[in-house]
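Colleague: Supplied structure: model.cif, mmCIF, C-alpha atoms and all ligand atoms.
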```
data_coords
loop_
_atom_site.label_atom_id
_atom_site.label_comp_id
_atom_site.auth_asym_id
_atom_site.auth_seq_id
_atom_site.Cartn_x
_atom_site.Cartn_y
_atom_site.Cartn_z
CA LEU Y 1 -121.86 104.11 5.99
CA CYS Y 2 -120.63 101.59 8.56
CA GLY Y 3 -120.88 104.32 11.15
CA TRP Y 4 -124.50 104.98 10.27
CA ILE Y 5 -125.30 101.28 10.42
CA ALA Y 6 -123.73 101.07 13.87
CA VAL Y 7 -125.68 104.10 15.05
CA GLY Y 8 -128.91 102.67 13.62
CA LEU Y 9 -128.41 99.32 15.31
CA LEU Y 10 -127.32 100.62 18.68
CA SER Y 11 -129.30 103.78 19.22
CA PRO Y 12 -133.09 103.72 19.48
CA ARG Y 13 -133.03 107.52 19.15
CA SER Y 14 -131.50 107.46 15.68
CA GLY Y 15 -134.69 106.28 13.96
CA ILE Y 16 -132.54 105.05 11.07
CA PHE Y 17 -133.90 101.50 10.98
CA ALA Y 18 -136.77 101.22 13.39
CA ARG Y 19 -138.89 103.63 15.35
CA PRO Y 20 -139.31 102.20 18.82
CA HIS Y 21 -141.32 103.86 21.55
CA LEU Y 22 -138.90 105.90 23.67
CA GLY Y 23 -139.91 108.15 26.57
CA ALA Y 24 -142.99 110.23 27.32
CA ALA Y 25 -143.60 113.97 27.22
CA PRO Y 26 -142.53 115.62 30.49
CA GLY Y 27 -145.06 117.35 32.71
CA ALA Y 28 -146.97 114.43 34.22
CA ARG Y 29 -144.19 113.57 36.72
CA ARG Y 30 -144.17 110.03 35.34
CA VAL Y 31 -141.29 107.74 34.39
CA ALA Y 32 -141.13 104.02 33.57
CA LEU Y 33 -138.64 101.77 35.31
CA THR Y 34 -137.88 98.73 33.16
CA PHE Y 35 -135.94 95.62 34.19
CA ASP Y 36 -134.31 93.46 31.52
CA ASP Y 37 -132.82 89.94 31.39
CA GLY Y 38 -134.75 88.30 34.26
CA PRO Y 39 -136.56 86.80 35.93
CA ASP Y 40 -133.89 85.82 38.44
CA PRO Y 41 -134.85 83.70 41.47
CA GLU Y 42 -132.60 85.71 43.83
CA VAL Y 43 -132.96 89.23 42.49
CA THR Y 44 -136.51 89.53 41.11
CA PRO Y 45 -138.36 88.82 44.41
CA ARG Y 46 -136.26 91.49 46.13
CA VAL Y 47 -137.02 93.95 43.34
CA LEU Y 48 -140.74 93.24 43.75
CA ALA Y 49 -140.49 93.85 47.52
CA LEU Y 50 -138.67 97.18 47.03
CA LEU Y 51 -141.15 98.36 44.38
CA ALA Y 52 -144.04 97.47 46.69
CA ALA Y 53 -142.46 99.36 49.60
CA HIS Y 54 -142.16 102.49 47.41
CA HIS Y 55 -145.57 102.03 45.72
CA GLN Y 56 -143.97 102.11 42.27
CA ARG Y 57 -144.87 100.10 39.16
CA ALA Y 58 -142.45 98.83 36.53
CA THR Y 59 -142.20 96.67 33.42
CA PHE Y 60 -140.07 93.50 33.32
CA PHE Y 61 -138.60 92.55 29.93
CA VAL Y 62 -138.19 88.85 30.62
CA VAL Y 63 -136.10 86.39 28.62
CA GLY Y 64 -138.40 83.57 27.42
CA ALA Y 65 -136.07 80.75 28.50
CA ARG Y 66 -135.75 82.23 32.00
CA ALA Y 67 -139.49 82.80 32.24
CA GLU Y 68 -139.96 79.14 31.29
CA ALA Y 69 -137.58 78.09 34.09
CA HIS Y 70 -139.29 80.38 36.66
CA PRO Y 71 -142.96 80.77 35.71
CA GLU Y 72 -143.84 81.55 39.36
CA LEU Y 73 -141.74 84.72 39.13
CA VAL Y 74 -143.60 85.89 36.03
CA ARG Y 75 -146.87 85.25 37.88
CA ALA Y 76 -145.60 87.22 40.89
CA ILE Y 77 -144.64 90.17 38.64
CA VAL Y 78 -148.13 90.29 37.11
CA ALA Y 79 -149.91 89.69 40.42
CA ALA Y 80 -148.13 92.73 41.87
CA GLY Y 81 -149.53 94.94 39.10
CA HIS Y 82 -146.37 95.29 37.00
CA GLY Y 83 -146.07 94.90 33.25
CA VAL Y 84 -144.27 92.11 31.39
CA GLY Y 85 -142.46 92.68 28.11
CA ASN Y 86 -140.82 90.29 25.65
CA HIS Y 87 -136.99 90.30 25.57
CA SER Y 88 -136.67 87.38 23.09
CA TYR Y 89 -136.56 83.69 23.96
CA ALA Y 90 -132.81 83.03 24.07
CA HIS Y 91 -131.26 86.53 24.37
CA ALA Y 92 -128.77 85.85 21.56
CA TRP Y 93 -126.25 88.57 20.71
CA SER Y 94 -126.70 87.69 17.04
CA THR Y 95 -130.46 88.47 17.10
CA PRO Y 96 -130.40 91.33 14.51
CA LEU Y 97 -128.60 89.02 12.06
CA HIS Y 98 -131.28 86.30 12.19
CA SER Y 99 -133.82 86.03 9.39
CA THR Y 100 -137.14 87.75 9.99
CA ALA Y 101 -138.94 84.38 10.12
CA ARG Y 102 -136.51 82.95 12.69
CA LEU Y 103 -136.74 86.09 14.81
CA ALA Y 104 -140.53 86.15 14.66
CA GLY Y 105 -140.59 82.47 15.66
CA GLU Y 106 -138.44 83.24 18.67
CA LEU Y 107 -140.66 86.13 19.72
CA VAL Y 108 -143.83 84.04 19.38
CA ARG Y 109 -142.18 81.28 21.45
CA ALA Y 110 -141.39 83.76 24.24
CA GLN Y 111 -144.94 85.18 24.05
CA ALA Y 112 -146.35 81.67 24.51
CA VAL Y 113 -144.13 81.01 27.55
CA ILE Y 114 -145.24 84.26 29.20
CA GLN Y 115 -148.88 83.63 28.33
CA ARG Y 116 -148.70 80.14 29.86
CA ALA Y 117 -146.93 81.38 32.98
CA ALA Y 118 -149.04 84.41 33.81
CA GLY Y 119 -152.01 84.62 31.44
CA VAL Y 120 -150.88 87.90 29.90
CA THR Y 121 -149.70 88.63 26.36
CA PRO Y 122 -146.97 91.28 26.18
CA ARG Y 123 -147.35 94.23 23.80
CA TRP Y 124 -143.76 95.40 24.00
CA PHE Y 125 -140.55 93.90 22.67
CA ARG Y 126 -137.12 95.18 23.59
CA PRO Y 127 -134.45 93.47 21.49
CA PRO Y 128 -131.55 91.79 23.30
CA VAL Y 129 -128.54 94.08 23.78
CA GLY Y 130 -130.72 96.95 22.49
CA LEU Y 131 -129.94 96.06 18.88
CA PHE Y 132 -132.65 97.46 16.63
CA GLY Y 133 -132.67 96.64 12.93
CA PRO Y 134 -135.10 96.32 10.00
CA ARG Y 135 -135.58 92.57 10.52
CA VAL Y 136 -136.14 93.09 14.22
CA GLU Y 137 -138.86 95.60 13.40
CA SER Y 138 -140.71 93.37 10.92
CA ALA Y 139 -140.34 90.29 13.15
CA ALA Y 140 -141.84 92.21 16.07
CA ARG Y 141 -144.75 93.36 13.91
CA ARG Y 142 -145.38 89.76 12.79
CA ALA Y 143 -145.46 88.61 16.39
CA GLY Y 144 -147.95 91.36 17.32
CA LEU Y 145 -145.35 93.32 19.30
CA GLN Y 146 -144.28 96.95 19.31
CA LEU Y 147 -140.67 98.01 19.79
CA CYS Y 148 -139.65 99.56 23.06
CA GLY Y 149 -136.46 101.56 23.44
CA TRP Y 150 -135.44 103.82 26.32
CA THR Y 151 -134.31 107.34 27.07
CA LEU Y 152 -132.02 106.56 30.03
CA ARG Y 153 -129.70 103.59 30.00
CA SER Y 154 -128.27 103.09 33.48
CA ASN Y 155 -125.28 101.06 32.20
CA ASP Y 156 -125.77 98.68 35.12
CA ALA Y 157 -125.01 95.72 32.86
CA SER Y 158 -122.27 97.13 30.63
CA LEU Y 159 -118.90 95.40 30.89
CA TYR Y 160 -117.25 98.79 30.65
CA GLY Y 161 -117.93 100.77 33.79
CA TYR Y 162 -119.59 97.89 35.67
CA ASP Y 163 -119.68 99.79 38.93
CA ALA Y 164 -122.63 100.59 41.23
CA VAL Y 165 -121.27 103.97 42.37
CA ARG Y 166 -120.96 105.20 38.79
CA VAL Y 167 -124.36 103.85 37.82
CA ARG Y 168 -126.04 105.61 40.78
CA ALA Y 169 -124.28 108.88 39.92
CA ARG Y 170 -125.25 108.54 36.25
CA VAL Y 171 -128.94 108.00 37.02
CA ARG Y 172 -128.95 110.93 39.50
CA ALA Y 173 -127.33 113.20 36.91
CA LEU Y 174 -129.50 112.24 33.94
CA LEU Y 175 -132.97 111.28 35.23
CA GLN Y 176 -135.78 113.44 33.83
CA ASP Y 177 -139.56 113.51 33.94
CA GLY Y 178 -140.87 111.21 31.16
CA ASP Y 179 -137.84 108.90 31.09
CA VAL Y 180 -137.94 105.20 30.28
CA ILE Y 181 -135.10 103.79 32.36
CA VAL Y 182 -133.24 100.54 31.64
CA LEU Y 183 -132.06 98.44 34.60
CA HIS Y 184 -131.29 94.71 34.79
CA ASP Y 185 -132.64 92.13 37.25
CA GLY Y 186 -130.76 89.37 35.41
CA ALA Y 187 -127.17 89.17 34.17
CA GLU Y 188 -125.40 87.38 31.37
CA GLY Y 189 -122.32 85.17 31.71
CA GLY Y 190 -122.70 84.18 35.36
CA ARG Y 191 -122.20 87.73 36.67
CA ARG Y 192 -124.35 88.93 39.53
CA PRO Y 193 -126.68 91.80 38.67
CA LEU Y 194 -125.66 95.08 40.34
CA LEU Y 195 -129.30 96.00 40.75
CA MET Y 196 -129.67 95.62 44.50
CA GLU Y 197 -126.83 98.11 44.98
CA ILE Y 198 -128.60 100.58 42.69
CA LEU Y 199 -132.35 100.24 42.99
CA PRO Y 200 -132.75 101.58 46.57
CA ASP Y 201 -131.06 104.81 45.47
CA VAL Y 202 -133.12 105.07 42.26
CA LEU Y 203 -136.35 104.63 44.25
CA ALA Y 204 -135.21 107.23 46.79
CA LEU Y 205 -134.48 109.58 43.90
CA LEU Y 206 -138.01 109.11 42.51
CA ASP Y 207 -139.42 109.92 45.95
CA GLU Y 208 -137.19 113.04 46.25
CA ARG Y 209 -138.33 114.35 42.88
CA ALA Y 210 -141.98 113.32 43.29
CA LEU Y 211 -141.78 111.12 40.20
CA ARG Y 212 -144.12 108.15 39.84
CA SER Y 213 -143.00 105.06 37.94
CA VAL Y 214 -145.77 103.48 35.87
CA THR Y 215 -146.01 100.48 33.54
CA LEU Y 216 -145.38 101.06 29.83
CA ASP Y 217 -149.05 100.30 29.15
CA GLU Y 218 -149.94 103.17 31.48
CA LEU Y 219 -147.25 105.46 30.07
CA TRP Y 220 -148.27 104.91 26.45
CA GLY Y 221 -151.93 103.97 26.81
CA GLU Y 222 -153.83 100.73 27.10
CA PRO Y 223 -154.07 98.48 24.05
CA ALA Y 224 -157.23 98.77 21.94
CA ALA Y 225 -157.47 94.99 21.64
CA PRO Y 226 -155.57 91.90 22.80
CA GLN Y 227 -152.35 91.48 20.83
CA PRO Y 228 -152.32 88.48 18.48
CA LEU Y 229 -149.70 85.77 18.89
CA ASN Y 230 -149.13 85.34 15.17
CA ALA Y 231 -150.01 86.70 11.75
CA THR Y 232 -152.93 84.26 11.29
CA ALA Y 233 -154.58 85.50 14.45
CA ALA Y 234 -153.91 89.08 13.35
CA ALA Y 235 -155.89 88.50 10.15
CA ALA Y 236 -159.05 87.45 12.03
CA PRO Y 237 -161.44 90.38 12.57
CA PRO Y 238 -162.32 91.16 16.18
CA ASP Y 239 -165.79 90.38 17.49
CA PRO Y 240 -168.23 93.26 17.03
CA PRO Y 241 -169.09 95.12 20.22
CA HIS Y 242 -172.31 94.21 22.04
CA PRO Y 243 -173.46 97.45 23.60
CA HIS Y 244 -176.84 96.03 24.63
CA ARG Y 245 -175.64 92.67 25.81
CA ARG Y 246 -176.61 93.23 29.43
CA SER Y 247 -180.14 92.05 30.14
CA ALA Y 248 -182.74 94.67 30.99
CA SER Y 249 -183.91 92.84 34.09
ZN ZN Q 1 -130.91 92.09 27.68
#
```
Can I see the file as structure tokens?
Modeller:
Amino acid sequence: LCGWIAVGLLSPRSGIFARPHLGAAPGARRVALTFDDGPDPEVTPRVLALLAAHHQRATFFVVGARAEAHPELVRAIVAAGHGVGNHSYAHAWSTPLHSTARLAGELVRAQAVIQRAAGVTPRWFRPPVGLFGPRVESAARRAGLQLCGWTLRSNDASLYGYDAVRVRARVRALLQDGDVIVLHDGAEGGRRPLLMEILPDVLALLDERALRSVTLDELWGEPAAPQPLNATAAAAPPDPPHPHRRSAS
């Protein structure tokens, strides 16, 4: 049983606890680069410059506290046409153990920070350290967020095998059409992110294979309506459409 719990918490593919969005069907030559744990004042601007040079789009799963410290970076991400996702407010390792109410409160807090910084409300939540659990799922739903997993973890932030050469080789060996790829533009514990030693090669690989990176919204479709910040907002019915609003003149 403990084994199953571990698999359910650690693997978004298991579907034991939660059913996050993973990759996309192959065939459209599309992937989604995602960057977790930022924004970082040294790394994130360089990532934005590289993405612009390769005409690729990505989604940044920002940590609320870091977005609060660097709102200009969140604005720059959005202004460049990339997506922003919610990666919790404090990025605590104990997140799956928190009560649903506490977790939902933290997600709403991060949503508010991002909304204030860049005027966008994320649809996607990726839990810190990739730990999915039943409380994480209900907290995300309460905060108006959907769970986002991945299909290709680059291991660029794992303590074991923290090595740019191995990460580049791993991505080259595993990358497939339809993948959602996890990279990190921020790092925990004072380490420097490996990303700038990895990203040029990943972008070259996309060019070689004629793969286009798109935002998660583009990969999985645009939202039908703005996502609510809390359950109260969710209960309010949307305004009816006004098909004839435009004047005839
Ligand atoms: Zn993280």
Colleague: Between Y:Gly149, Y:Glu137, Y:Leu33, Y:Arg46, which residue has the minimum interatomic distance to Val202 (chain Y), considering all atoms listed in the file?
Modeller: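 Once distances to Val202 (chain Y) are computed over all atoms listed in the file, the minimum belongs to Y:Leu33.
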Colleague: Could you tell me, counting only C-alpha atoms and all ligand atoms, which protein and nucleic acid residues lie no more than 10 Å from ligand ZN 1 (chain Q), written as a list in words?
Modeller: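 Counting only what the definition allows, namely only C-alpha atoms and all ligand atoms, the set is Phe35, Asp36, Asp37, Gly38, Phe61, Val62, Val63, His87, Ser88, Ala90, His91, Ala92, Trp93, Arg126, Pro127, Pro128, Val129, Gly130, Leu131, Ala157, Val182, Leu183, His184, Asp185, Gly186, Ala187 and Glu188 of chain Y.
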Colleague: Go ahead and dump the residues you just picked, C-alpha atoms, as an mmCIF file, keeping the file's coordinate frame.
Modeller:
```cif
data_model
loop_
_atom_site.group_PDB
_atom_site.id
_atom_site.type_symbol
_atom_site.label_atom_id
_atom_site.label_comp_id
_atom_site.auth_asym_id
_atom_site.auth_seq_id
_atom_site.Cartn_x
_atom_site.Cartn_y
_atom_site.Cartn_z
ATOM 1 C CA PHE Y 35 -135.940 95.620 34.190
ATOM 2 C CA ASP Y 36 -134.310 93.460 31.520
ATOM 3 C CA ASP Y 37 -132.820 89.940 31.390
ATOM 4 C CA GLY Y 38 -134.750 88.300 34.260
ATOM 5 C CA PHE Y 61 -138.600 92.550 29.930
ATOM 6 C CA VAL Y 62 -138.190 88.850 30.620
ATOM 7 C CA VAL Y 63 -136.100 86.390 28.620
ATOM 8 C CA HIS Y 87 -136.990 90.300 25.570
ATOM 9 C CA SER Y 88 -136.670 87.380 23.090
ATOM 10 C CA ALA Y 90 -132.810 83.030 24.070
ATOM 11 C CA HIS Y 91 -131.260 86.530 24.370
ATOM 12 C CA ALA Y 92 -128.770 85.850 21.560
ATOM 13 C CA TRP Y 93 -126.250 88.570 20.710
ATOM 14 C CA ARG Y 126 -137.120 95.180 23.590
ATOM 15 C CA PRO Y 127 -134.450 93.470 21.490
ATOM 16 C CA PRO Y 128 -131.550 91.790 23.300
ATOM 17 C CA VAL Y 129 -128.540 94.080 23.780
ATOM 18 C CA GLY Y 130 -130.720 96.950 22.490
ATOM 19 C CA LEU Y 131 -129.940 96.060 18.880
ATOM 20 C CA ALA Y 157 -125.010 95.720 32.860
ATOM 21 C CA VAL Y 182 -133.240 100.540 31.640
ATOM 22 C CA LEU Y 183 -132.060 98.440 34.600
ATOM 23 C CA HIS Y 184 -131.290 94.710 34.790
ATOM 24 C CA ASP Y 185 -132.640 92.130 37.250
ATOM 25 C CA GLY Y 186 -130.760 89.370 35.410
ATOM 26 C CA ALA Y 187 -127.170 89.170 34.170
ATOM 27 C CA GLU Y 188 -125.400 87.380 31.370
#
```
Colleague: So which residues are close to (-143.8, 85.0, 22.8), meaning at most 10 Å away in the file's coordinates with all atoms listed in the file counted, and can you show them as a list in words?
Modeller: Val63, Gly64, Gly85, Asn86, His87, Ser88, Tyr89, Ala104, Gly105, Glu106, Leu107, Val108, Arg109, Ala110, Gln111, Ala112, Val113, Ile114, Gln115, Arg116, Thr121, Pro122, Arg123, Phe125, Ala143, Gly144, Leu145, Leu229 and Asn230 of chain Y
Colleague: Please, could you write that set of residues out with C-alpha atoms as an mmCIF file, keeping the file's coordinate frame?
Modeller:
```
data_model
loop_
_atom_site.group_PDB
_atom_site.id
_atom_site.type_symbol
_atom_site.label_atom_id
_atom_site.label_comp_id
_atom_site.auth_asym_id
_atom_site.auth_seq_id
_atom_site.Cartn_x
_atom_site.Cartn_y
_atom_site.Cartn_z
ATOM 1 C CA VAL Y 63 -136.100 86.390 28.620
ATOM 2 C CA GLY Y 64 -138.400 83.570 27.420
ATOM 3 C CA GLY Y 85 -142.460 92.680 28.110
ATOM 4 C CA ASN Y 86 -140.820 90.290 25.650
ATOM 5 C CA HIS Y 87 -136.990 90.300 25.570
ATOM 6 C CA SER Y 88 -136.670 87.380 23.090
ATOM 7 C CA TYR Y 89 -136.560 83.690 23.960
ATOM 8 C CA ALA Y 104 -140.530 86.150 14.660
ATOM 9 C CA GLY Y 105 -140.590 82.470 15.660
ATOM 10 C CA GLU Y 106 -138.440 83.240 18.670
ATOM 11 C CA LEU Y 107 -140.660 86.130 19.720
ATOM 12 C CA VAL Y 108 -143.830 84.040 19.380
ATOM 13 C CA ARG Y 109 -142.180 81.280 21.450
ATOM 14 C CA ALA Y 110 -141.390 83.760 24.240
ATOM 15 C CA GLN Y 111 -144.940 85.180 24.050
ATOM 16 C CA ALA Y 112 -146.350 81.670 24.510
ATOM 17 C CA VAL Y 113 -144.130 81.010 27.550
ATOM 18 C CA ILE Y 114 -145.240 84.260 29.200
ATOM 19 C CA GLN Y 115 -148.880 83.630 28.330
ATOM 20 C CA ARG Y 116 -148.700 80.140 29.860
ATOM 21 C CA THR Y 121 -149.700 88.630 26.360
ATOM 22 C CA PRO Y 122 -146.970 91.280 26.180
ATOM 23 C CA ARG Y 123 -147.350 94.230 23.800
ATOM 24 C CA PHE Y 125 -140.550 93.900 22.670
ATOM 25 C CA ALA Y 143 -145.460 88.610 16.390
ATOM 26 C CA GLY Y 144 -147.950 91.360 17.320
ATOM 27 C CA LEU Y 145 -145.350 93.320 19.300
ATOM 28 C CA LEU Y 229 -149.700 85.770 18.890
ATOM 29 C CA ASN Y 230 -149.130 85.340 15.170
#
```
Colleague: Can you work out the spacing between CA of Arg66 (chain Y) and CA of Leu97 (chain Y) in Å, to one decimal?
Modeller: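 Straight-line distance from CA of Arg66 (chain Y) to CA of Leu97 (chain Y) works out to 22.2 Å.
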Colleague: By how many Å are CA of Asp207 (chain Y) and CA of His54 (chain Y) apart?
Modeller: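 Interatomic distance here is 8.1 Å.
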Colleague: Using only C-alpha atoms, which of Y:Ala164, Y:Leu211, Y:Ala118, Y:Ala204 sits nearest Gln176 (chain Y)?
Modeller: Y:Leu211
